[in-house]
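Chemist: Structure supplied as input_18.cif; contents: mmCIF, C-alpha atoms and all ligand atoms.
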```cif
data_protein
#
loop_
_atom_site.label_atom_id
_atom_site.label_comp_id
_atom_site.auth_asym_id
_atom_site.auth_seq_id
_atom_site.Cartn_x
_atom_site.Cartn_y
_atom_site.Cartn_z
CA MET A 179 4.64 26.30 16.97
CA PHE A 180 3.16 27.59 13.71
CA GLU A 181 6.44 26.90 11.91
CA LEU A 182 6.44 23.33 13.22
CA ILE A 183 2.89 22.70 11.98
CA ALA A 184 3.83 24.16 8.59
CA VAL A 185 6.88 21.89 8.34
CA ILE A 186 4.91 18.78 9.35
CA THR A 187 2.13 19.62 6.89
CA GLY A 188 4.74 20.00 4.16
CA TYR A 189 6.17 16.58 4.95
CA ILE A 190 2.72 14.96 4.96
CA LEU A 191 1.87 16.52 1.58
CA LYS A 192 5.13 15.40 0.02
CA ALA A 193 4.93 11.91 1.55
CA THR A 194 1.35 11.52 0.28
CA TRP A 195 2.36 12.67 -3.19
CA LEU A 196 5.28 10.23 -3.39
CA MET A 197 3.26 7.33 -2.01
CA LEU A 198 0.06 8.06 -3.97
CA PRO A 199 0.36 5.19 -6.51
CA ALA A 200 0.74 2.76 -3.57
CA TYR A 201 -2.01 4.53 -1.56
CA ILE A 202 -4.37 4.12 -4.52
CA ALA A 203 -3.37 0.53 -5.40
CA ASN A 204 -4.21 -0.81 -1.94
CA PRO A 205 -7.87 0.30 -1.61
CA THR A 206 -8.70 -0.19 -5.31
CA ALA A 207 -7.65 -3.85 -4.90
CA VAL A 208 -10.59 -4.04 -2.46
CA VAL A 209 -12.91 -2.39 -5.01
CA PHE A 210 -11.89 -4.67 -7.89
CA GLY A 211 -11.20 -7.77 -5.79
CA GLY A 212 -13.15 -11.01 -6.07
CA GLY A 213 -13.13 -14.06 -8.29
CA THR A 214 -10.25 -16.50 -8.58
CA PRO A 215 -7.88 -16.42 -5.60
CA ILE A 216 -4.16 -16.15 -6.46
CA ASP A 217 -3.48 -19.45 -4.68
CA PHE A 218 -6.32 -21.10 -6.69
CA GLY A 219 -7.73 -22.31 -3.39
CA LYS A 220 -4.68 -24.45 -2.70
CA ASN A 221 -3.15 -25.21 0.68
CA TRP A 222 0.43 -24.93 1.91
CA LYS A 223 2.27 -27.86 3.55
CA ASP A 224 0.76 -26.93 6.92
CA GLY A 225 -2.74 -27.61 5.60
CA ARG A 226 -3.72 -23.94 5.64
CA ARG A 227 -4.34 -21.80 2.57
CA ILE A 228 -1.27 -20.34 0.82
CA PHE A 229 -2.72 -16.78 0.70
CA GLY A 230 -6.45 -17.21 1.30
CA ASP A 231 -9.60 -15.97 -0.47
CA GLY A 232 -8.76 -12.34 0.34
CA LYS A 233 -6.02 -12.24 -2.33
CA THR A 234 -7.42 -12.43 -5.84
CA PHE A 235 -6.09 -11.86 -9.36
CA ARG A 236 -8.70 -9.18 -9.97
CA GLY A 237 -7.61 -7.29 -6.86
CA LEU A 238 -3.92 -7.59 -7.70
CA ILE A 239 -4.29 -6.54 -11.34
CA GLY A 240 -7.06 -3.95 -10.83
CA GLY A 241 -5.22 -2.29 -7.95
CA THR A 242 -1.91 -2.24 -9.81
CA ILE A 243 -3.52 -0.68 -12.90
CA CYS A 244 -5.28 2.00 -10.81
CA GLY A 245 -2.02 2.87 -9.03
CA ILE A 246 -0.21 3.13 -12.36
CA ILE A 247 -2.94 5.36 -13.83
CA ILE A 248 -2.61 7.77 -10.88
CA GLY A 249 1.18 7.77 -11.25
CA LEU A 250 0.90 8.50 -14.97
CA ILE A 251 -1.38 11.45 -14.19
CA GLN A 252 1.09 12.67 -11.54
CA MET A 253 3.86 12.50 -14.16
CA GLN A 254 1.90 15.04 -16.24
CA ALA A 255 1.69 17.55 -13.37
CA PRO A 256 3.32 20.89 -14.19
CA PRO A 257 6.58 21.31 -12.22
CA GLN A 258 5.15 24.11 -10.03
CA PHE A 259 2.41 21.75 -8.76
CA SER A 260 4.59 18.68 -8.51
CA LEU A 261 6.01 17.64 -5.14
CA GLY A 262 8.46 15.25 -6.79
CA ALA A 263 9.01 13.87 -10.28
CA PHE A 264 8.22 10.22 -10.96
CA THR A 265 9.87 7.75 -13.28
CA LEU A 266 7.72 5.15 -15.02
CA SER A 267 9.56 2.33 -13.25
CA ALA A 268 8.95 4.02 -9.88
CA VAL A 269 5.21 4.30 -10.64
CA VAL A 270 4.92 0.64 -11.64
CA ALA A 271 7.05 -0.55 -8.71
CA LEU A 272 5.10 1.50 -6.14
CA SER A 273 1.75 0.16 -7.39
CA PHE A 274 2.68 -3.47 -7.91
CA GLY A 275 5.05 -3.56 -4.92
CA ALA A 276 2.27 -2.35 -2.62
CA LEU A 277 0.07 -5.32 -3.50
CA LEU A 278 3.00 -7.73 -3.49
CA GLY A 279 3.73 -6.62 0.08
CA ASP A 280 0.08 -7.19 0.98
CA LEU A 281 0.26 -10.66 -0.60
CA VAL A 282 3.45 -11.63 1.27
CA LYS A 283 1.79 -10.41 4.48
CA SER A 284 -1.16 -12.72 3.88
CA PHE A 285 1.22 -15.64 3.33
CA PHE A 286 2.70 -15.08 6.79
CA LYS A 287 -0.71 -14.49 8.36
CA ARG A 288 -1.84 -17.91 7.13
CA ARG A 289 1.39 -19.53 8.42
CA LEU A 290 0.63 -18.03 11.82
CA GLY A 291 -2.81 -19.59 11.64
CA LEU A 292 -4.63 -16.26 11.32
CA ALA A 293 -7.89 -16.53 9.38
CA ARG A 294 -8.58 -14.34 6.36
CA GLY A 295 -9.47 -10.88 7.59
CA ALA A 296 -8.03 -11.41 11.07
CA LYS A 297 -6.39 -8.37 12.64
CA PHE A 298 -2.61 -8.08 12.43
CA PRO A 299 -1.90 -4.66 13.96
CA LEU A 300 0.68 -2.45 12.25
CA VAL A 301 1.59 -5.24 9.81
CA ASP A 302 -1.80 -4.82 8.06
CA GLN A 303 -1.11 -1.08 7.82
CA LEU A 304 2.51 -1.11 6.71
CA ASP A 305 2.80 -4.28 4.58
CA PHE A 306 2.11 -2.37 1.39
CA VAL A 307 4.54 0.42 2.30
CA ALA A 308 7.32 -2.14 2.81
CA GLY A 309 6.42 -3.88 -0.47
CA ALA A 310 6.33 -0.61 -2.41
CA TRP A 311 9.65 0.58 -0.99
CA ILE A 312 11.48 -2.71 -1.51
CA LEU A 313 10.34 -3.08 -5.12
CA VAL A 314 11.00 0.56 -5.97
CA TYR A 315 14.44 0.29 -4.38
CA ILE A 316 15.17 -2.75 -6.56
CA VAL A 317 14.00 -1.21 -9.86
CA ASP A 318 14.96 2.46 -9.34
CA PRO A 319 17.21 2.95 -6.29
CA LYS A 320 18.21 6.44 -7.41
CA TRP A 321 14.59 7.62 -7.46
CA PHE A 322 14.03 6.25 -3.97
CA ILE A 323 17.19 7.81 -2.52
CA ASP A 324 16.58 11.18 -4.24
CA ASN A 325 13.01 11.47 -2.95
CA PHE A 326 12.77 9.62 0.35
CA SER A 327 14.74 11.60 2.88
CA PHE A 328 14.92 10.38 6.48
CA TRP A 329 12.04 12.64 7.58
CA ILE A 330 9.84 11.66 4.64
CA ILE A 331 10.34 8.00 5.58
CA ILE A 332 9.42 8.75 9.22
CA THR A 333 6.36 10.71 8.05
CA VAL A 334 5.16 7.81 5.86
CA ILE A 335 5.61 5.29 8.70
CA ILE A 336 3.61 7.44 11.16
CA PHE A 337 1.00 8.84 8.76
CA THR A 338 0.18 5.66 6.78
CA PRO A 339 -1.39 3.64 9.65
CA ILE A 340 -3.63 6.62 10.48
CA LEU A 341 -4.68 7.09 6.86
CA HIS A 342 -5.12 3.33 6.41
CA ARG A 343 -7.37 3.10 9.47
CA LEU A 344 -9.54 6.00 8.28
CA THR A 345 -9.80 4.56 4.75
CA ASN A 346 -10.79 1.13 6.05
CA MET A 347 -13.40 2.58 8.40
CA LEU A 348 -14.85 4.37 5.37
CA GLY A 349 -14.65 1.12 3.34
CA PHE A 350 -16.49 -0.73 6.10
CA TYR A 351 -19.09 2.00 6.41
CA ILE A 352 -19.88 1.98 2.68
CA LYS A 353 -19.95 -1.86 2.90
CA LEU A 354 -16.97 -2.44 0.61
CA LYS A 355 -14.95 -4.08 3.37
CA LYS A 356 -15.95 -6.85 5.72
CA GLU A 357 -13.87 -5.53 8.63
CA PRO A 358 -13.20 -1.94 9.71
CA TRP A 359 -9.38 -2.60 9.72
N1 LIG A 401 -8.40 -7.99 -2.25
C1 LIG A 401 -8.26 -8.80 -3.37
N2 LIG A 401 -7.03 -9.04 -3.91
C2 LIG A 401 -5.91 -8.50 -3.36
C3 LIG A 401 -6.02 -7.68 -2.21
C4 LIG A 401 -7.29 -7.45 -1.67
O1 LIG A 401 -9.25 -9.29 -3.91
N3 LIG A 401 -4.73 -8.76 -3.93
C5 LIG A 401 -9.75 -7.73 -1.71
C6 LIG A 401 -10.36 -8.98 -1.04
O2 LIG A 401 -11.75 -8.96 -1.28
C7 LIG A 401 -10.06 -8.75 0.45
C8 LIG A 401 -10.22 -7.24 0.56
O3 LIG A 401 -9.72 -6.74 -0.69
O4 LIG A 401 -10.91 -9.44 1.31
C9 LIG A 401 -9.50 -6.63 1.74
O5 LIG A 401 -8.09 -6.77 1.60
P1 LIG A 401 -7.18 -7.18 2.82
O6 LIG A 401 -7.61 -6.51 4.08
O7 LIG A 401 -5.78 -7.02 2.38
O8 LIG A 401 -7.45 -8.77 2.91
P2 LIG A 401 -8.16 -9.65 4.02
O9 LIG A 401 -9.48 -10.12 3.51
O10 LIG A 401 -8.11 -8.94 5.33
O11 LIG A 401 -7.22 -10.94 4.09
P3 LIG A 401 -5.85 -11.18 4.88
O12 LIG A 401 -6.21 -11.74 6.22
O13 LIG A 401 -5.16 -12.17 4.01
O14 LIG A 401 -5.12 -9.87 4.97
MG MG A 402 -7.57 -7.19 6.15
#
```
Here is a file; write its structure as structure tokens.
Modeler:
Amino acid sequence: MFELIAVITGYILKATWLMLPAYIANPTAVVFGGGTPIDFGKNWKDGRRIFGDGKTFRGLIGGTICGIIIGLIQMQAPPQFSLGAFTLSAVVALSFGALLGDLVKSFFKRRLGLARGAKFPLVDQLDFVAGAWILVYIVDPKWFIDNFSFWIIITVIIFTPILHRLTNMLGFYIKLKKEPW
């Protein structure tokens, strides 16, 4: 039992370390968000917004920069404290990919007729993971394959929605977010 807990804890720590640029990019987009929406307020053919007011340039750029800063700090970590070495392309792809995934998610939410901020269970929690992984796989497939073993991938998929929910409840509580999800 104790061994199992130790192994799971190890996986969670490593998964968090590897995903940290993406985990930082997502909530800092909320902090820096506001201003001009990425779709400039324009509608799609169906008469609904392309992305909606919840996706802004400030959020996209601010979140990406914060994710990259964290990744650059992680790259300076001494090897004995590091749970995995980053490449610069991996750091950029994890940060930007996370918010690209979130943006693509909003596009599909609008096509489904869901209003900005409407709940989209699991998709709202894993959109940025999918975006980060796809972009990082495109720009640095070797880094992804070397670091994301099967069990790390499983850990991220299970752990992220829990972490996301807790972060958003905190964001709602401190009045940064309009909804607790
Ligand atoms: N945000 C932003 N720009 C981004 C991502 C997020 O400005 N690229 C900010 C917006 O203020 C947004 C908030 O962060 O309202 C919460 O993000 P999220 O939950 O992803 O957006 P929602 O408002 O829920 O919109 P959607 O229904 O499109 O997911
Ligand atoms: Mg939302």
Chemist: Using only C-alpha atoms and all ligand atoms, which residues of the polymer chains come no farther than 7 Å from ligand MG 402 (chain A)? I'd like the answer as number ranges by chain.
Modeler: A: 295-297, 302, 357, 359
Chemist: Near segment 303-310 of chain A, counting all atoms listed in the file, which residues have an atom at most 7 Å away, once you skip same-chain residues fewer than 4 positions from it, shown as a list in words?
Modeler: Ala200, Ala271, Leu272, Ser273, Gly275, Ala276, Leu277, Leu278, Gly279, Asp280, Lys283, Val314, Thr338, Pro339 and His342 of chain A
Chemist: Show me which residues sit within 9 Å of ligand LIG 401 (chain A) when counting all atoms listed in the file, and put them as a ChimeraX atom specification.
Modeler: /A:204-216,229-241,277-278,280-281,283-288,292-298,302,346,354-357,359
Chemist: Please measure the separation of atom CA of Ile316 of chain A and atom CA of Thr265 of chain A, giving the value in Å to one decimal.
Modeler: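 Those two atoms sit 13.5 Å apart.
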Chemist: To one decimal place in Å, what is the distance between atom CA of Tyr315 of chain A and atom CA of Met253 of chain A?
Modeler: 18.9 Å
Chemist: Please identify all polymer residues lying at most 10 Å from the point (2.0, 0.5, -15.7) (file coordinates), using all atoms listed in the file, and present the result as a PDB file with C-alpha atoms, keeping the file's coordinate frame.
Modeler:
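Contents of selection27.pdb, freshly written:
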```
ATOM      1  CA  THR A 242      -1.910  -2.240  -9.810  1.00  0.00           C
ATOM      2  CA  ILE A 243      -3.520  -0.680 -12.900  1.00  0.00           C
ATOM      3  CA  CYS A 244      -5.280   2.000 -10.810  1.00  0.00           C
ATOM      4  CA  GLY A 245      -2.020   2.870  -9.030  1.00  0.00           C
ATOM      5  CA  ILE A 246      -0.210   3.130 -12.360  1.00  0.00           C
ATOM      6  CA  ILE A 247      -2.940   5.360 -13.830  1.00  0.00           C
ATOM      7  CA  ILE A 248      -2.610   7.770 -10.880  1.00  0.00           C
ATOM      8  CA  GLY A 249       1.180   7.770 -11.250  1.00  0.00           C
ATOM      9  CA  LEU A 250       0.900   8.500 -14.970  1.00  0.00           C
ATOM     10  CA  LEU A 266       7.720   5.150 -15.020  1.00  0.00           C
ATOM     11  CA  SER A 267       9.560   2.330 -13.250  1.00  0.00           C
ATOM     12  CA  ALA A 268       8.950   4.020  -9.880  1.00  0.00           C
ATOM     13  CA  VAL A 269       5.210   4.300 -10.640  1.00  0.00           C
ATOM     14  CA  VAL A 270       4.920   0.640 -11.640  1.00  0.00           C
ATOM     15  CA  ALA A 271       7.050  -0.550  -8.710  1.00  0.00           C
ATOM     16  CA  SER A 273       1.750   0.160  -7.390  1.00  0.00           C
ATOM     17  CA  PHE A 274       2.680  -3.470  -7.910  1.00  0.00           C
TER      18      PHE A 274
END
```
Chemist: For a cut-off of 12 Å around (0.8, 10.5, 10.2), file coordinates, pick out all residues using all atoms listed in the file and list them as JSON, numbers by chain.
Modeler: {"A": [186, 187, 188, 189, 190, 191, 193, 194, 303, 329, 330, 331, 332, 333, 334, 335, 336, 337, 338, 339, 340, 341, 342, 343, 344]}
Chemist: Which centre and which edge lengths, in Å to one decimal, describe the axis-aligned box that holds all listed atoms of segment 228-231 of chain A after 5 Å is added on each side, as AutoDock Vina command-line options?
Modeler:
```
--center_x -5.4 --center_y -18.2 --center_z 0.4 --size_x 18.3 --size_y 14.4 --size_z 11.8
```
Chemist: Using all atoms listed in the file, which residue out of A:Glu181, A:Arg289, A:Ala255, A:Ile352 lies closest to Lys223 of chain A?
Modeler: A:Arg289
Chemist: Would you compute the distance between atom CA of Phe264 of chain A and atom CA of Leu196 of chain A? Give it in Å to one decimal.
Modeler: 8.1 Å
